[in-house]
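Participant: As input, take my_file-v8.tsv (TSV, C-alpha atoms):
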chain	number	residue	atom	x	y	z
A	1	MET	CA	214.33	-86.88	89.02
A	2	ARG	CA	212.69	-90.02	90.46
A	3	LEU	CA	214.52	-93.35	90.27
A	4	LYS	CA	213.39	-96.94	90.61
A	5	VAL	CA	215.46	-99.97	91.58
A	6	SER	CA	214.59	-103.13	89.64
A	7	ALA	CA	214.80	-106.65	90.99
A	8	SER	CA	218.20	-107.08	89.36
A	9	GLY	CA	219.53	-104.09	91.28
A	10	LYS	CA	219.72	-101.76	88.26
A	11	ILE	CA	218.58	-98.20	88.65
A	12	LYS	CA	215.90	-97.12	86.19
A	13	ARG	CA	214.32	-93.77	85.56
A	14	SER	CA	210.55	-93.73	86.05
A	15	LYS	CA	208.34	-93.37	83.00
A	16	LEU	CA	206.76	-90.13	84.25
A	17	SER	CA	210.14	-88.56	84.95
A	18	LYS	CA	211.50	-89.72	81.60
A	19	ASN	CA	208.58	-88.24	79.67
A	20	PHE	CA	208.81	-84.98	81.59
A	21	CYS	CA	212.50	-84.57	80.85
A	22	LYS	CA	211.97	-85.26	77.19
A	23	PHE	CA	208.77	-83.47	76.40
A	24	GLY	CA	207.82	-81.27	79.39
A	25	THR	CA	204.30	-81.00	80.74
A	26	PRO	CA	201.19	-80.15	78.72
A	27	GLU	CA	201.17	-76.74	80.37
A	28	ASP	CA	204.74	-76.18	79.22
A	29	ASP	CA	203.84	-77.12	75.65
A	30	ALA	CA	201.18	-74.43	75.69
A	31	VAL	CA	203.83	-71.71	76.23
A	32	PRO	CA	205.97	-71.03	73.11
A	33	GLY	CA	209.55	-72.14	73.61
A	34	ARG	CA	209.22	-73.50	77.15
A	35	SER	CA	209.24	-77.22	76.26
A	36	PHE	CA	212.34	-76.60	74.13
A	37	ARG	CA	214.08	-74.82	76.99
A	38	LEU	CA	213.20	-77.61	79.42
A	39	ARG	CA	214.80	-80.18	77.14
A	40	ARG	CA	217.86	-77.97	76.74
A	41	LEU	CA	218.20	-77.45	80.50
A	42	ASP	CA	217.78	-81.18	81.18
A	43	LEU	CA	220.55	-82.02	78.73
A	44	ALA	CA	222.79	-79.36	80.27
A	45	GLY	CA	222.19	-80.69	83.76
A	46	ARG	CA	222.88	-84.32	82.79
A	47	GLY	CA	226.18	-83.73	81.06
A	48	GLY	CA	226.11	-81.05	78.36
A	49	GLY	CA	228.06	-78.48	80.34
A	50	GLY	CA	226.62	-79.28	83.81
A	51	GLY	CA	227.98	-82.77	84.49
A	52	GLY	CA	228.15	-83.84	88.09
A	53	LEU	CA	227.44	-80.29	89.24
A	54	GLY	CA	223.97	-80.48	87.71
A	55	SER	CA	223.19	-83.73	89.54
A	56	ALA	CA	224.51	-82.35	92.83
A	57	ALA	CA	222.47	-79.16	92.48
A	58	ALA	CA	219.35	-81.10	91.54
A	59	GLY	CA	219.55	-83.11	94.75
A	60	GLY	CA	220.85	-80.33	96.99
A	61	SER	CA	219.19	-77.56	98.90
A	62	PHE	CA	216.86	-74.95	97.47
A	63	ALA	CA	219.65	-72.35	97.60
A	64	GLY	CA	221.96	-74.69	95.68
A	65	ARG	CA	219.35	-75.28	93.00
A	66	ALA	CA	218.67	-71.55	92.74
A	67	VAL	CA	222.36	-70.70	92.32
A	68	TYR	CA	222.82	-73.46	89.77
A	69	GLY	CA	219.75	-72.32	87.83
A	70	TRP	CA	220.95	-68.71	87.84
A	71	LEU	CA	224.41	-69.67	86.55
A	72	PHE	CA	223.80	-72.47	84.08
A	73	GLU	CA	220.17	-72.52	82.99
A	74	CYS	CA	218.61	-70.89	79.96
A	75	HIS	CA	221.54	-69.17	78.21
A	76	GLY	CA	224.54	-70.85	79.77
A	77	PHE	CA	227.33	-69.96	82.18
A	78	TRP	CA	229.49	-67.64	80.07
A	79	HIS	CA	226.51	-65.69	78.74
A	80	ASN	CA	225.25	-64.92	82.25
A	81	VAL	CA	228.68	-64.26	83.77
A	82	LEU	CA	229.69	-61.83	81.00
A	83	LEU	CA	226.46	-59.87	81.31
A	84	VAL	CA	226.54	-59.68	85.11
A	85	THR	CA	230.24	-58.87	85.48
A	86	SER	CA	230.23	-56.13	82.82
A	87	SER	CA	227.07	-54.44	84.13
A	88	LEU	CA	228.26	-54.74	87.74
A	89	ALA	CA	231.69	-53.35	86.86
A	90	PHE	CA	230.16	-50.25	85.27
A	91	ALA	CA	227.80	-49.72	88.22
A	92	LEU	CA	230.76	-49.96	90.60
A	93	TYR	CA	232.68	-47.46	88.45
A	94	LEU	CA	229.79	-45.00	88.68
A	95	ALA	CA	229.66	-45.54	92.44
A	96	ALA	CA	233.41	-44.95	92.77
A	97	GLN	CA	233.12	-41.70	90.81
A	98	ALA	CA	229.87	-40.59	92.47
A	99	ARG	CA	231.38	-38.19	95.01
A	100	LYS	CA	233.49	-36.45	92.39
A	101	SER	CA	230.62	-36.40	89.90
A	102	PHE	CA	228.14	-34.89	92.38
A	103	SER	CA	230.70	-32.24	93.31
A	104	LYS	CA	231.09	-31.31	89.66
A	105	LEU	CA	227.33	-31.24	89.09
A	106	SER	CA	226.79	-29.10	92.18
A	107	SER	CA	229.40	-26.55	91.13
A	108	GLU	CA	228.18	-26.32	87.53
A	109	ARG	CA	224.45	-26.30	88.43
A	110	SER	CA	223.51	-27.73	85.04
A	111	SER	CA	220.03	-29.23	85.17
A	112	ILE	CA	220.51	-30.92	81.80
A	113	MET	CA	223.70	-32.73	82.81
A	114	LEU	CA	222.17	-33.62	86.17
A	115	ALA	CA	219.20	-35.18	84.36
A	116	TYR	CA	221.48	-37.11	82.02
A	117	TYR	CA	223.54	-38.36	84.96
A	118	GLY	CA	220.42	-39.41	86.84
A	119	CYS	CA	219.10	-41.26	83.78
A	120	LEU	CA	222.45	-43.01	83.41
A	121	TRP	CA	222.27	-44.24	87.00
A	122	LEU	CA	218.68	-45.42	86.54
A	123	VAL	CA	219.44	-47.24	83.30
A	124	SER	CA	222.59	-48.84	84.71
A	125	LEU	CA	220.70	-50.23	87.71
A	126	LEU	CA	217.90	-51.45	85.45
A	127	ASN	CA	220.44	-53.08	83.15
A	128	LEU	CA	222.18	-54.75	86.10
A	129	THR	CA	218.84	-56.12	87.29
A	130	TRP	CA	218.00	-57.45	83.83
A	131	CYS	CA	221.41	-59.09	83.45
A	132	SER	CA	221.16	-60.70	86.89
A	133	LEU	CA	217.71	-62.20	86.27
A	134	GLN	CA	218.36	-63.98	82.98
A	135	ALA	CA	217.04	-67.24	84.45
A	136	TRP	CA	213.55	-65.69	84.58
A	137	GLU	CA	213.24	-66.21	80.83
A	138	CYS	CA	213.18	-69.97	81.41
A	139	THR	CA	211.35	-70.06	84.76
A	140	THR	CA	207.73	-71.13	84.95
A	141	GLY	CA	205.51	-68.36	86.30
A	142	LYS	CA	208.02	-65.58	85.58
A	143	GLU	CA	206.95	-64.86	82.00
A	144	VAL	CA	205.01	-61.67	82.80
A	145	ALA	CA	207.72	-60.32	85.11
A	146	TRP	CA	210.42	-61.08	82.53
A	147	ASN	CA	208.44	-59.40	79.74
A	148	ILE	CA	207.85	-56.26	81.83
A	149	LEU	CA	211.51	-56.05	82.87
A	150	SER	CA	212.71	-56.62	79.30
A	151	LEU	CA	210.18	-54.11	78.01
A	152	TRP	CA	211.55	-51.28	80.15
A	153	ASN	CA	215.13	-52.32	79.61
A	154	SER	CA	214.76	-52.44	75.81
A	155	ALA	CA	213.69	-48.80	75.68
A	156	SER	CA	216.36	-47.49	78.06
A	157	GLY	CA	218.85	-46.59	75.33
A	158	LEU	CA	216.57	-44.82	72.89
A	159	HIS	CA	216.92	-41.41	74.59
A	160	ALA	CA	220.45	-41.08	73.23
A	161	LEU	CA	219.07	-40.75	69.71
A	162	THR	CA	217.63	-37.32	70.44
A	163	ARG	CA	218.93	-34.08	71.87
A	164	THR	CA	215.88	-33.01	73.91
A	165	PHE	CA	214.04	-34.80	76.70
A	166	VAL	CA	210.63	-34.02	75.18
A	167	VAL	CA	211.41	-35.75	71.89
A	168	SER	CA	213.21	-38.62	73.63
A	169	GLY	CA	210.23	-39.10	75.95
A	170	LEU	CA	207.91	-39.36	72.96
A	171	VAL	CA	210.21	-41.86	71.23
A	172	VAL	CA	210.53	-44.06	74.33
A	173	GLY	CA	206.80	-43.83	75.06
A	174	LEU	CA	205.84	-44.86	71.53
A	175	ASP	CA	208.33	-47.73	71.57
A	176	LEU	CA	207.02	-48.99	74.92
A	177	LEU	CA	203.40	-48.72	73.77
A	178	LEU	CA	203.96	-50.71	70.57
A	179	LYS	CA	205.93	-53.44	72.32
A	180	ALA	CA	203.34	-53.67	75.11
A	181	ILE	CA	200.58	-54.12	72.51
A	182	TYR	CA	202.56	-56.87	70.76
A	183	LEU	CA	203.33	-58.61	74.08
A	184	PHE	CA	200.08	-58.42	76.02
A	185	GLY	CA	197.60	-57.64	73.24
A	186	PHE	CA	198.63	-60.17	70.60
A	187	GLY	CA	200.68	-62.54	72.77
A	188	ILE	CA	203.83	-62.27	70.65
A	189	PRO	CA	206.86	-63.53	72.68
A	190	LEU	CA	209.22	-60.68	71.87
A	191	PHE	CA	211.71	-61.50	74.62
A	192	VAL	CA	211.60	-65.32	74.63
A	193	ASP	CA	213.68	-67.16	72.01
A	194	ASP	CA	212.90	-70.60	70.60
A	195	ILE	CA	215.07	-71.90	67.74
A	196	GLU	CA	212.97	-75.05	67.20
A	197	LYS	CA	209.80	-73.06	66.50
A	198	PRO	CA	210.83	-69.55	65.44
A	199	HIS	CA	207.95	-67.11	65.68
A	200	LYS	CA	207.96	-65.51	62.23
A	201	VAL	CA	205.78	-62.58	63.26
A	202	LYS	CA	208.05	-61.85	66.22
A	203	TRP	CA	211.22	-61.88	64.14
A	204	GLY	CA	209.49	-59.87	61.44
A	205	LEU	CA	208.74	-57.18	64.04
A	206	TRP	CA	212.35	-57.23	65.23
A	207	VAL	CA	213.50	-56.89	61.62
A	208	VAL	CA	211.36	-53.77	61.24
A	209	HIS	CA	212.60	-52.40	64.58
A	210	ARG	CA	216.27	-52.94	63.72
A	211	LEU	CA	215.72	-51.62	60.21
A	212	VAL	CA	214.35	-48.36	61.58
A	213	LEU	CA	217.28	-47.96	64.00
A	214	THR	CA	219.80	-48.80	61.28
A	215	ALA	CA	218.19	-46.23	58.99
A	216	VAL	CA	218.29	-43.57	61.74
A	217	TYR	CA	221.97	-44.11	62.53
A	218	GLY	CA	222.77	-44.35	58.81
A	219	SER	CA	221.02	-41.03	58.19
A	220	ILE	CA	223.00	-39.35	60.97
A	221	LEU	CA	226.22	-40.75	59.55
A	222	PHE	CA	225.24	-39.45	56.12
A	223	MET	CA	224.64	-35.99	57.59
A	224	TYR	CA	228.29	-35.89	58.68
A	225	HIS	CA	229.28	-35.91	55.00
A	226	SER	CA	226.64	-33.49	53.78
A	227	ARG	CA	225.83	-29.79	54.04
A	228	TRP	CA	223.80	-30.48	57.25
A	229	ARG	CA	226.94	-31.37	59.16
A	230	GLU	CA	226.80	-28.17	61.20
A	231	ARG	CA	223.55	-29.35	62.81
A	232	LEU	CA	225.38	-32.24	64.51
A	233	PRO	CA	227.71	-32.07	67.54
A	234	ALA	CA	231.25	-31.26	66.38
A	235	ARG	CA	232.76	-34.01	68.51
A	236	PRO	CA	234.72	-37.06	67.26
A	237	ALA	CA	233.31	-39.15	70.14
A	238	PHE	CA	229.77	-38.66	68.86
A	239	TYR	CA	230.87	-39.66	65.35
A	240	ARG	CA	232.43	-42.89	66.70
A	241	TYR	CA	229.28	-43.58	68.72
A	242	ILE	CA	227.12	-43.36	65.59
A	243	ILE	CA	229.42	-45.71	63.65
A	244	ILE	CA	229.44	-48.32	66.44
A	245	MET	CA	225.66	-48.24	66.87
A	246	LEU	CA	225.15	-48.47	63.10
A	247	ILE	CA	227.30	-51.60	62.91
A	248	MET	CA	225.59	-53.19	65.92
A	249	ASN	CA	222.08	-52.60	64.59
A	250	ALA	CA	223.04	-53.76	61.10
A	251	LEU	CA	224.38	-57.04	62.56
A	252	ALA	CA	221.24	-57.45	64.68
A	253	LEU	CA	219.09	-56.80	61.60
A	254	PHE	CA	220.95	-59.50	59.67
A	255	ALA	CA	220.64	-61.91	62.61
A	256	CYS	CA	216.89	-61.33	62.96
A	257	GLY	CA	216.39	-62.05	59.27
A	258	LEU	CA	218.33	-65.32	59.52
A	259	THR	CA	216.54	-66.43	62.69
A	260	GLY	CA	213.13	-65.73	61.19
A	261	ASN	CA	213.99	-68.21	58.43
A	262	GLY	CA	215.01	-70.89	60.96
A	263	ALA	CA	218.80	-70.53	60.81
A	264	GLY	CA	220.46	-71.48	64.09
A	265	PHE	CA	223.45	-69.25	63.37
A	266	GLY	CA	221.09	-66.27	63.26
A	267	LEU	CA	219.93	-66.86	66.82
A	268	TRP	CA	223.55	-67.21	67.99
A	269	LEU	CA	224.52	-63.98	66.22
A	270	TYR	CA	221.50	-62.18	67.65
A	271	GLY	CA	222.40	-63.38	71.15
A	272	ALA	CA	225.98	-62.15	70.63
A	273	THR	CA	224.73	-58.67	69.65
A	274	ILE	CA	222.46	-58.57	72.72
A	275	VAL	CA	225.36	-59.49	75.01
A	276	CYS	CA	227.61	-56.85	73.44
A	277	TYR	CA	224.87	-54.23	73.68
A	278	HIS	CA	224.10	-54.75	77.36
A	279	ALA	CA	227.78	-55.16	78.26
A	280	PHE	CA	229.25	-52.15	76.44
A	281	TYR	CA	226.44	-49.74	75.53
A	282	LEU	CA	226.33	-47.84	78.83
A	283	PRO	CA	230.13	-47.32	79.03
A	284	LEU	CA	229.99	-46.10	75.43
A	285	LEU	CA	227.15	-43.75	76.30
A	286	TYR	CA	229.08	-42.39	79.29
A	287	ALA	CA	232.27	-41.90	77.26
A	288	THR	CA	230.35	-40.11	74.51
A	289	PHE	CA	228.09	-37.73	76.42
A	290	LEU	CA	229.35	-37.35	80.00
A	291	ALA	CA	233.05	-38.16	80.28
A	292	ASP	CA	234.24	-34.82	78.87
A	293	PHE	CA	231.95	-32.91	81.21
A	294	PHE	CA	233.40	-34.60	84.31
A	295	GLN	CA	236.99	-34.31	83.03
A	296	GLU	CA	236.83	-30.57	82.37
A	297	GLU	CA	237.83	-29.78	85.96
A	298	ASP	CA	240.88	-32.05	85.72
A	299	LEU	CA	241.93	-30.46	82.43
A	300	GLN	CA	241.51	-26.98	83.87
A	301	LEU	CA	243.57	-27.98	86.91
A	302	GLU	CA	246.32	-29.35	84.66
A	303	ASN	CA	246.35	-26.08	82.72
A	304	VAL	CA	246.70	-24.14	85.98
A	305	TYR	CA	249.63	-26.35	87.05
A	306	TYR	CA	251.25	-25.94	83.63
A	307	SER	CA	250.89	-22.15	83.76
A	308	GLU	CA	252.39	-22.02	87.24
A	309	MET	CA	255.33	-24.21	86.24
A	310	LYS	CA	255.86	-22.17	83.09
A	311	ASP	CA	255.89	-18.92	85.08
A	312	ALA	CA	258.43	-20.50	87.44
A	313	GLY	CA	260.77	-21.17	84.49
A	314	PHE	CA	260.56	-24.97	84.40
A	315	PHE	CA	260.19	-24.99	80.60
A	316	ASP	CA	262.73	-22.29	79.68
A	317	GLY	CA	265.21	-24.91	78.51
A	318	ASP	CA	262.75	-26.22	75.92
A	319	TRP	CA	262.99	-22.97	73.95
A	320	GLU	CA	266.78	-22.88	73.79
Here is a file; write its structure as structure tokens.

Facilitator:
Amino acid sequence: MRLKVSASGKIKRSKLSKNFCKFGTPEDDAVPGRSFRLRRLDLAGRGGGGGGLGSAAAGGSFAGRAVYGWLFECHGFWHNVLLVTSSLAFALYLAAQARKSFSKLSSERSSIMLAYYGCLWLVSLLNLTWCSLQAWECTTGKEVAWNILSLWNSASGLHALTRTFVVSGLVVGLDLLLKAIYLFGFGIPLFVDDIEKPHKVKWGLWVVHRLVLTAVYGSILFMYHSRWRERLPARPAFYRYIIIMLIMNALALFACGLTGNGAGFGLWLYGATIVCYHAFYLPLLYATFLADFFQEEDLQLENVYYSEMKDAGFFDGDWE
């Protein structure tokens, strides 16, 4: 920010700098939501959450400005920290269990479980990248990169809806194709939020998307209480997974409807559902579909120890 010193010794902000901070540049006004984000970031840096740190970062080195922008710009400090720490924690957990997991996969020689485990690693790394680059949403020149990254990341969880890779590949491919057409064909900012000028077509598309997912999870939950129950996995973990995803998509559907009508609470609720999804979806997916597979060896080992101790007479007193 440029400053001028008047004859009286008072520091004044230049007219150009003042207009830029308030309204952005004409090029920024041409991009939906960017001028709003610039005003929000300027307020955050001057005192709304940034305080003296924002001023120090603005006048510091390039590295200092980059770190400050990554932490505080666009969505705020707690939003970014929660996303990064949760996604990093799960990636570190997978890395800590990698040796044991590969040993189990090698002994079982199950191509299906190996493919699921590989997909989980790929999606977790993609999710960590997306969570770490949140500042791209508000960075000039990063719109295309952010849209491409968000496009792939948004379709990463759809494979869990199906039981075969062929069907899941078709579902993910169709979802990617439609979103790519909306993004690059019609210029609809699917992954950029602007509460001052809500894009009604964008939020209408998200309403349809969330409505379809809510209907799918609701149908699966209905099948658990119908005569088609035998077609579903007889596992309580899968039942809990369906309930959690139904609630999450129903909340996101409600939030999209509110945001499309200009309600600020709707955008906050939608952001909260996005944070919860990217923070807890992959651990939920692992606990539902892979945890039992990797714990079978431990359970079998415990059964062996129990049988040996029982044969040795350790539990004879329990029957007296």

Participant: Adding 6 Å on each side of the box along x, y and z that holds all listed atoms of segment 125-128 of chain A, could you give its centre and edge lengths in Å to one decimal, as AutoDock Vina command-line options?

Facilitator:
--center_x 220.0 --center_y -52.5 --center_z 85.4 --size_x 16.3 --size_y 16.5 --size_z 16.6

Participant: Could you check which of A:Gln295, A:Asn153, A:Thr288, A:Ser106 is closest to Trp130 of chain A, using all atoms listed in the file?

Facilitator: A:Asn153

Participant: Rounded to one decimal, what separation in Å do you get between atom CA of Ala291 of chain A and atom CA of Gly118 of chain A?

Facilitator: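 Spanning atom CA of Ala291 of chain A to atom CA of Gly118 of chain A is a straight-line distance of 14.3 Å.
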
Participant: List the spatial neighbours of Leu221 of chain A as a list in words - criterion: any atom at most 10 Å away, all atoms listed in the file, same-chain residues fewer than 4 positions off excluded.

Facilitator: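 Answer for this query is Ala215, Val216, Tyr217, His225, Ser226, Arg229, Leu232, Tyr239, Arg240, Ile242, Ile243 and Leu246 of chain A.
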
Participant: Between atom CA of Ile274 of chain A and atom CA of Gln97 of chain A, what distance in Å does the model show, to one decimal?

Facilitator: 26.9 Å
